[in-house]
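Working notes, beginning with the structure itself.
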2 protein chains.
Amino acid sequence: MTTNSTSQLDAIAALEDAGLRITEQRRQIVAAINRKNGGFTAEELATELANEFEGVGRATVYRTLKLLVEANVICKLALPDGTPMYSASRVEHHHHSVCVSCGAVEEFRDATVERVLRSLAREIDGDIIGHRMEFYIRCGACRIAATG
Amino acid sequence: MTTNSTSQLDAIAALEDAGLRITEQRRQIVAAINRKNGGFTAEELATELANEFEGVGRATVYRTLKLLVEANVICKLALPDGTPMYSASRVEHHHHSVCVSCGAVEEFRDATVERVLRSLAREIDGDIIGHRMEFYIRCGACRIAATG
DNA sequence: CGCTATATGATACTTAGTATCAATATTCTT
DNA sequence: AAGAATATTGATACTAAGTATCATATAGCG
């Protein structure tokens, strides 16, 4: 699986493309994100990176997350109660399902979703600028764990 | 238009149905919400009610908003950056469009949306517990204002 | 290599919301 | 209608998520 290293290169490239500097801190943040599998919180990441050798400051973590969201390298999503979660972004345009039990995040594209968006564009009085769509699930693994 | 008085009665009834007490503060909060047209923030509501005669405490405002969300009397939605917004709920199950320019919130039901949800339920490995869907728009009025 | 703009980090602040707990008010019971 | 039992309130203090400030450090261009 080369997904991680590819994503990492993309993330750094995206920052460069935006005319931003590649610092040791940003490298560390990108590396830490690539080590993640599901979603993660900003504070979690900050705590993690604060403890390492030549750690990264909390403010820098937040600043960099914002840059990465703007660069479409990661996504910022929300739990049902609005708690923010971040997740590495692998697919071009997509939506997410979040397991409310284990926090696993899956990305998916769905043609039907895009069709709805177009149909709604006609119904809504105004221009659609963007949207947010998240599915809250209990994933297969968690269902089995709960049943067993 | 009897929408407001009807909603207000529903809100109080919903609290009663949940076995909760009808206090002067809760009445005031419900009344203030019914005076709103678009979306509003918790802090906005708290400030508003803090200044009135026999005002309502900030903690009570937050507590009551939570109860009203649970009772489906109001909805908690999120702006693109995640900033929470509340909005009185008039339709049974619906989604929202938020004008990022003026903050107006519209509710809508769409059969297509429900169809997508069912189609996704089959694709996703796990049980769909809930979802969130918001459209960010520039409403007709704001478009005209910007153009003119 | 040196300069300059960019980035960092410590600190303090803001916003959104929750926890605590004594004082108070509602509703039930009679 | 009074009193008891229980829910609610509000002041305060706290957490979580994020932003502003600004002196110091460093990337990367020339």
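In the structure tokens, chains take the letters A, B, ... in the order shown, each chain's residues start at 1, and ligands count up from 1 in the order shown.
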Kindly determine which residues of chain B lie within 12 Å of chain D, considering only C-alpha atoms (C1' of nucleotides), and give the answer as an MDAnalysis selection string.
chainID B and resid 19:26 50 54:61 63:64 81:83
Those of chain A in DSSP helix (DSSP H, G or I), formatted as a PDB file with C-alpha atoms, in the first residue's frame:
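The resulting file, part-v4.pdb, is shown below:
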ATOM      1  CA  THR A   3      -1.362   5.363  -0.180  1.00  0.00           C
ATOM      2  CA  ASN A   4       0.391   6.914   2.780  1.00  0.00           C
ATOM      3  CA  SER A   5       3.637   7.937   1.155  1.00  0.00           C
ATOM      4  CA  THR A   6       1.765   9.218  -1.890  1.00  0.00           C
ATOM      5  CA  SER A   7      -0.566  11.300   0.263  1.00  0.00           C
ATOM      6  CA  GLN A   8       2.379  12.661   2.165  1.00  0.00           C
ATOM      7  CA  LEU A   9       4.090  13.812  -1.012  1.00  0.00           C
ATOM      8  CA  ASP A  10       0.822  15.353  -2.179  1.00  0.00           C
ATOM      9  CA  ALA A  11       0.400  17.231   1.078  1.00  0.00           C
ATOM     10  CA  ILE A  12       3.873  18.765   0.891  1.00  0.00           C
ATOM     11  CA  ALA A  13       3.416  19.493  -2.804  1.00  0.00           C
ATOM     12  CA  ALA A  14       0.083  21.166  -2.089  1.00  0.00           C
ATOM     13  CA  LEU A  15       1.733  23.435   0.450  1.00  0.00           C
ATOM     14  CA  GLU A  16       4.506  24.280  -2.007  1.00  0.00           C
ATOM     15  CA  ASP A  17       1.949  24.926  -4.721  1.00  0.00           C
ATOM     16  CA  GLU A  24      10.211  20.865   9.856  1.00  0.00           C
ATOM     17  CA  GLN A  25       7.007  21.423  11.836  1.00  0.00           C
ATOM     18  CA  ARG A  26       4.812  21.070   8.775  1.00  0.00           C
ATOM     19  CA  ARG A  27       6.623  17.904   7.817  1.00  0.00           C
ATOM     20  CA  GLN A  28       6.026  16.499  11.275  1.00  0.00           C
ATOM     21  CA  ILE A  29       2.346  17.397  11.158  1.00  0.00           C
ATOM     22  CA  VAL A  30       1.876  15.825   7.721  1.00  0.00           C
ATOM     23  CA  ALA A  31       3.762  12.719   8.843  1.00  0.00           C
ATOM     24  CA  ALA A  32       1.602  12.410  11.959  1.00  0.00           C
ATOM     25  CA  ILE A  33      -1.578  12.747   9.904  1.00  0.00           C
ATOM     26  CA  ASN A  34      -0.363  10.031   7.537  1.00  0.00           C
ATOM     27  CA  ARG A  35       0.161   7.720  10.463  1.00  0.00           C
ATOM     28  CA  ALA A  42      -6.694  18.875  16.422  1.00  0.00           C
ATOM     29  CA  GLU A  43      -5.993  18.668  20.126  1.00  0.00           C
ATOM     30  CA  GLU A  44      -5.085  14.993  19.860  1.00  0.00           C
ATOM     31  CA  LEU A  45      -2.565  15.816  17.163  1.00  0.00           C
ATOM     32  CA  ALA A  46      -1.206  18.779  19.110  1.00  0.00           C
ATOM     33  CA  THR A  47      -0.693  16.691  22.242  1.00  0.00           C
ATOM     34  CA  GLU A  48       0.979  13.956  20.231  1.00  0.00           C
ATOM     35  CA  LEU A  49       3.394  16.338  18.546  1.00  0.00           C
ATOM     36  CA  ALA A  50       4.079  18.340  21.688  1.00  0.00           C
ATOM     37  CA  ARG A  58      -0.274  24.001  19.549  1.00  0.00           C
ATOM     38  CA  ALA A  59      -0.844  27.198  17.559  1.00  0.00           C
ATOM     39  CA  THR A  60       1.235  25.809  14.700  1.00  0.00           C
ATOM     40  CA  VAL A  61      -0.797  22.620  14.632  1.00  0.00           C
ATOM     41  CA  TYR A  62      -4.032  24.596  14.333  1.00  0.00           C
ATOM     42  CA  ARG A  63      -2.566  26.941  11.730  1.00  0.00           C
ATOM     43  CA  THR A  64      -1.285  24.052   9.646  1.00  0.00           C
ATOM     44  CA  LEU A  65      -4.536  22.106   9.870  1.00  0.00           C
ATOM     45  CA  LYS A  66      -6.309  25.140   8.512  1.00  0.00           C
ATOM     46  CA  LEU A  67      -3.857  25.392   5.620  1.00  0.00           C
ATOM     47  CA  LEU A  68      -4.246  21.704   4.854  1.00  0.00           C
ATOM     48  CA  VAL A  69      -8.027  21.988   4.842  1.00  0.00           C
ATOM     49  CA  GLU A  70      -7.785  24.932   2.452  1.00  0.00           C
ATOM     50  CA  ALA A 111     -23.137   9.673  -8.272  1.00  0.00           C
ATOM     51  CA  THR A 112     -26.586   9.836  -6.727  1.00  0.00           C
ATOM     52  CA  VAL A 113     -25.374  12.406  -4.258  1.00  0.00           C
ATOM     53  CA  GLU A 114     -24.177  14.619  -7.084  1.00  0.00           C
ATOM     54  CA  ARG A 115     -27.506  14.189  -8.812  1.00  0.00           C
ATOM     55  CA  VAL A 116     -29.366  15.364  -5.707  1.00  0.00           C
ATOM     56  CA  LEU A 117     -27.162  18.404  -5.556  1.00  0.00           C
ATOM     57  CA  ARG A 118     -28.072  19.330  -9.105  1.00  0.00           C
ATOM     58  CA  SER A 119     -31.777  18.751  -8.510  1.00  0.00           C
ATOM     59  CA  LEU A 120     -31.677  20.912  -5.395  1.00  0.00           C
ATOM     60  CA  ALA A 121     -29.834  23.660  -7.209  1.00  0.00           C
ATOM     61  CA  ARG A 122     -32.995  24.139  -9.246  1.00  0.00           C
ATOM     62  CA  GLU A 123     -35.280  24.232  -6.210  1.00  0.00           C
ATOM     63  CA  GLY A 140     -19.414  -3.489  10.652  1.00  0.00           C
ATOM     64  CA  ALA A 141     -16.621  -4.171  13.136  1.00  0.00           C
ATOM     65  CA  CYS A 142     -18.360  -2.282  15.954  1.00  0.00           C
ATOM     66  CA  ARG A 143     -21.646  -4.029  15.238  1.00  0.00           C
ATOM     67  CA  ILE A 144     -19.965  -7.408  15.528  1.00  0.00           C
ATOM     68  CA  ALA A 145     -18.165  -6.340  18.696  1.00  0.00           C
ATOM     69  CA  ALA A 146     -21.445  -5.183  20.258  1.00  0.00           C
ATOM     70  CA  THR A 147     -23.325  -8.344  19.238  1.00  0.00           C
TER      71      THR A 147
END
Within 9 Å of chain A, which residues of chain C are there when counting only C-alpha atoms (C1' of nucleotides)? Please give them as a CSV table (one decimal) with N, CA and C atoms (P, O5', C5', C4', C3', O3' and C1' of nucleotides), in the first residue's frame.
chain,number,residue,atom,x,y,z
C,6,DT,P,5.8,37.1,2.7
C,6,DT,O5',5.9,35.7,3.5
C,6,DT,C5',6.7,34.6,3.0
C,6,DT,C4',6.9,33.6,4.1
C,6,DT,C3',5.7,33.2,4.9
C,6,DT,O3',5.6,31.8,4.8
C,6,DT,C1',7.4,33.8,6.4
C,7,DA,P,4.5,31.0,5.5
C,7,DA,O5',5.2,30.7,6.8
C,7,DA,C5',6.4,29.9,6.8
C,7,DA,C4',6.8,29.5,8.2
C,7,DA,C3',5.6,28.9,9.1
C,7,DA,O3',6.1,27.8,9.7
C,7,DA,C1',6.7,30.7,10.2
C,8,DT,P,5.3,27.0,10.7
C,8,DT,O5',5.9,27.6,12.1
C,8,DT,C5',7.3,27.2,12.4
C,8,DT,C4',7.6,27.7,13.8
C,8,DT,C3',6.7,27.2,14.9
C,8,DT,O3',7.6,26.5,15.8
C,8,DT,C1',7.0,29.6,15.0
C,9,DG,P,7.0,25.5,16.9
C,9,DG,O5',6.8,26.5,18.1
C,9,DG,C5',8.0,27.1,18.7
C,9,DG,C4',7.6,28.0,19.8
C,9,DG,C3',6.6,27.4,20.7
C,9,DG,O3',6.8,27.9,22.0
C,9,DG,C1',5.7,29.4,19.9
C,10,DA,P,6.7,27.0,23.3
C,10,DA,O5',6.5,28.1,24.4
C,10,DA,C5',7.3,29.3,24.5
C,10,DA,C4',6.5,30.4,25.0
C,10,DA,C3',5.4,30.1,26.1
C,10,DA,O3',5.6,30.9,27.2
C,10,DA,C1',4.5,31.4,24.3
Give me, as a PDB file with N, CA and C atoms, in the first residue's frame, the contact residues of chain B against chain A at a cut-off of 8 Å, counting only C-alpha atoms.
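The resulting file, out33.pdb, is shown below:
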ATOM      1  N   ALA B  78     -24.503  23.804  11.204  1.00  0.00           N
ATOM      2  CA  ALA B  78     -23.127  24.299  11.231  1.00  0.00           C
ATOM      3  C   ALA B  78     -22.821  25.095   9.977  1.00  0.00           C
ATOM      4  N   PRO B  80     -20.025  26.650   7.181  1.00  0.00           N
ATOM      5  CA  PRO B  80     -18.922  25.930   6.531  1.00  0.00           C
ATOM      6  C   PRO B  80     -17.714  25.735   7.451  1.00  0.00           C
ATOM      7  N   GLY B  82     -17.791  25.373  10.588  1.00  0.00           N
ATOM      8  CA  GLY B  82     -18.153  24.596  11.761  1.00  0.00           C
ATOM      9  C   GLY B  82     -18.856  25.393  12.847  1.00  0.00           C
ATOM     10  N   PRO B  84     -21.462  26.774  15.045  1.00  0.00           N
ATOM     11  CA  PRO B  84     -22.828  26.274  15.232  1.00  0.00           C
ATOM     12  C   PRO B  84     -23.873  27.369  15.101  1.00  0.00           C
ATOM     13  N   THR B 112     -35.688  13.118  -3.201  1.00  0.00           N
ATOM     14  CA  THR B 112     -34.447  12.597  -3.769  1.00  0.00           C
ATOM     15  C   THR B 112     -33.406  12.376  -2.674  1.00  0.00           C
ATOM     16  N   VAL B 113     -33.382  13.295  -1.732  1.00  0.00           N
ATOM     17  CA  VAL B 113     -32.435  13.170  -0.635  1.00  0.00           C
ATOM     18  C   VAL B 113     -32.676  11.855   0.102  1.00  0.00           C
ATOM     19  N   VAL B 116     -31.383   8.931  -1.836  1.00  0.00           N
ATOM     20  CA  VAL B 116     -29.936   8.776  -1.730  1.00  0.00           C
ATOM     21  C   VAL B 116     -29.576   8.070  -0.444  1.00  0.00           C
ATOM     22  N   ASP B 125     -20.802  -0.218   4.865  1.00  0.00           N
ATOM     23  CA  ASP B 125     -20.638  -1.387   5.722  1.00  0.00           C
ATOM     24  C   ASP B 125     -20.913  -0.973   7.161  1.00  0.00           C
ATOM     25  N   GLY B 126     -22.145  -1.139   7.562  1.00  0.00           N
ATOM     26  CA  GLY B 126     -22.528  -0.756   8.917  1.00  0.00           C
ATOM     27  C   GLY B 126     -23.943  -0.208   8.901  1.00  0.00           C
ATOM     28  N   ASP B 127     -24.423   0.201  10.087  1.00  0.00           N
ATOM     29  CA  ASP B 127     -25.771   0.750  10.188  1.00  0.00           C
ATOM     30  C   ASP B 127     -25.703   2.265  10.164  1.00  0.00           C
ATOM     31  N   ILE B 128     -26.547   2.861   9.333  1.00  0.00           N
ATOM     32  CA  ILE B 128     -26.609   4.322   9.337  1.00  0.00           C
ATOM     33  C   ILE B 128     -27.452   4.766  10.519  1.00  0.00           C
ATOM     34  N   ILE B 129     -26.839   5.552  11.377  1.00  0.00           N
ATOM     35  CA  ILE B 129     -27.496   6.005  12.604  1.00  0.00           C
ATOM     36  C   ILE B 129     -28.111   7.380  12.377  1.00  0.00           C
ATOM     37  N   GLY B 130     -27.446   8.184  11.597  1.00  0.00           N
ATOM     38  CA  GLY B 130     -27.945   9.528  11.336  1.00  0.00           C
ATOM     39  C   GLY B 130     -27.133  10.179  10.247  1.00  0.00           C
ATOM     40  N   HIS B 131     -27.500  11.376   9.934  1.00  0.00           N
ATOM     41  CA  HIS B 131     -26.736  12.099   8.930  1.00  0.00           C
ATOM     42  C   HIS B 131     -26.892  13.586   9.145  1.00  0.00           C
ATOM     43  N   ARG B 132     -26.067  14.319   8.443  1.00  0.00           N
ATOM     44  CA  ARG B 132     -26.099  15.763   8.507  1.00  0.00           C
ATOM     45  C   ARG B 132     -25.945  16.240   7.081  1.00  0.00           C
ATOM     46  N   MET B 133     -26.766  17.179   6.708  1.00  0.00           N
ATOM     47  CA  MET B 133     -26.667  17.684   5.346  1.00  0.00           C
ATOM     48  C   MET B 133     -27.053  19.152   5.351  1.00  0.00           C
ATOM     49  N   GLU B 134     -26.165  19.982   4.921  1.00  0.00           N
ATOM     50  CA  GLU B 134     -26.427  21.413   4.886  1.00  0.00           C
ATOM     51  C   GLU B 134     -25.947  21.987   3.572  1.00  0.00           C
ATOM     52  N   PHE B 135     -26.720  22.920   3.051  1.00  0.00           N
ATOM     53  CA  PHE B 135     -26.330  23.585   1.807  1.00  0.00           C
ATOM     54  C   PHE B 135     -26.010  25.029   2.102  1.00  0.00           C
ATOM     55  N   TYR B 136     -24.881  25.467   1.611  1.00  0.00           N
ATOM     56  CA  TYR B 136     -24.471  26.842   1.803  1.00  0.00           C
ATOM     57  C   TYR B 136     -24.755  27.587   0.521  1.00  0.00           C
ATOM     58  N   ILE B 137     -25.564  28.606   0.648  1.00  0.00           N
ATOM     59  CA  ILE B 137     -26.015  29.321  -0.539  1.00  0.00           C
ATOM     60  C   ILE B 137     -25.799  30.829  -0.411  1.00  0.00           C
ATOM     61  N   ARG B 138     -25.973  31.496  -1.537  1.00  0.00           N
ATOM     62  CA  ARG B 138     -26.178  32.932  -1.488  1.00  0.00           C
ATOM     63  C   ARG B 138     -27.604  33.122  -1.955  1.00  0.00           C
ATOM     64  N   CYS B 139     -28.456  33.597  -1.066  1.00  0.00           N
ATOM     65  CA  CYS B 139     -29.880  33.649  -1.363  1.00  0.00           C
ATOM     66  C   CYS B 139     -30.203  34.709  -2.416  1.00  0.00           C
ATOM     67  N   GLY B 140     -31.376  34.598  -2.984  1.00  0.00           N
ATOM     68  CA  GLY B 140     -31.817  35.493  -4.053  1.00  0.00           C
ATOM     69  C   GLY B 140     -31.637  36.956  -3.682  1.00  0.00           C
ATOM     70  N   ARG B 143     -28.028  38.010  -3.630  1.00  0.00           N
ATOM     71  CA  ARG B 143     -27.487  38.056  -4.981  1.00  0.00           C
ATOM     72  C   ARG B 143     -27.868  39.378  -5.644  1.00  0.00           C
TER      73      ARG B 143
END
Please measure the separation of CA of His95 in chain A and CA of Cys75 in chain A, giving the value in Å to one decimal.
9.5 Å
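Within range 45-121 of chain A, the backbone-based DSSP assignment of strand (DSSP E or B) covers Ile74, Cys75, Lys76, Leu77, Ala78, Pro84, Met85, Tyr86, Ser87, Ala88, His95, His96, Ser97, Val98, Cys99, Val105, Glu106, Glu107 and Phe108 of chain A.
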Straight-line distance linking CA of Gly38 in chain B with CA of Ile74 in chain B, stated in Å to one decimal
11.7 Å
Please report the interatomic distance between CA of Asn51 in chain B and CA of Ala88 in chain B in Å with one decimal.
21.9 Å
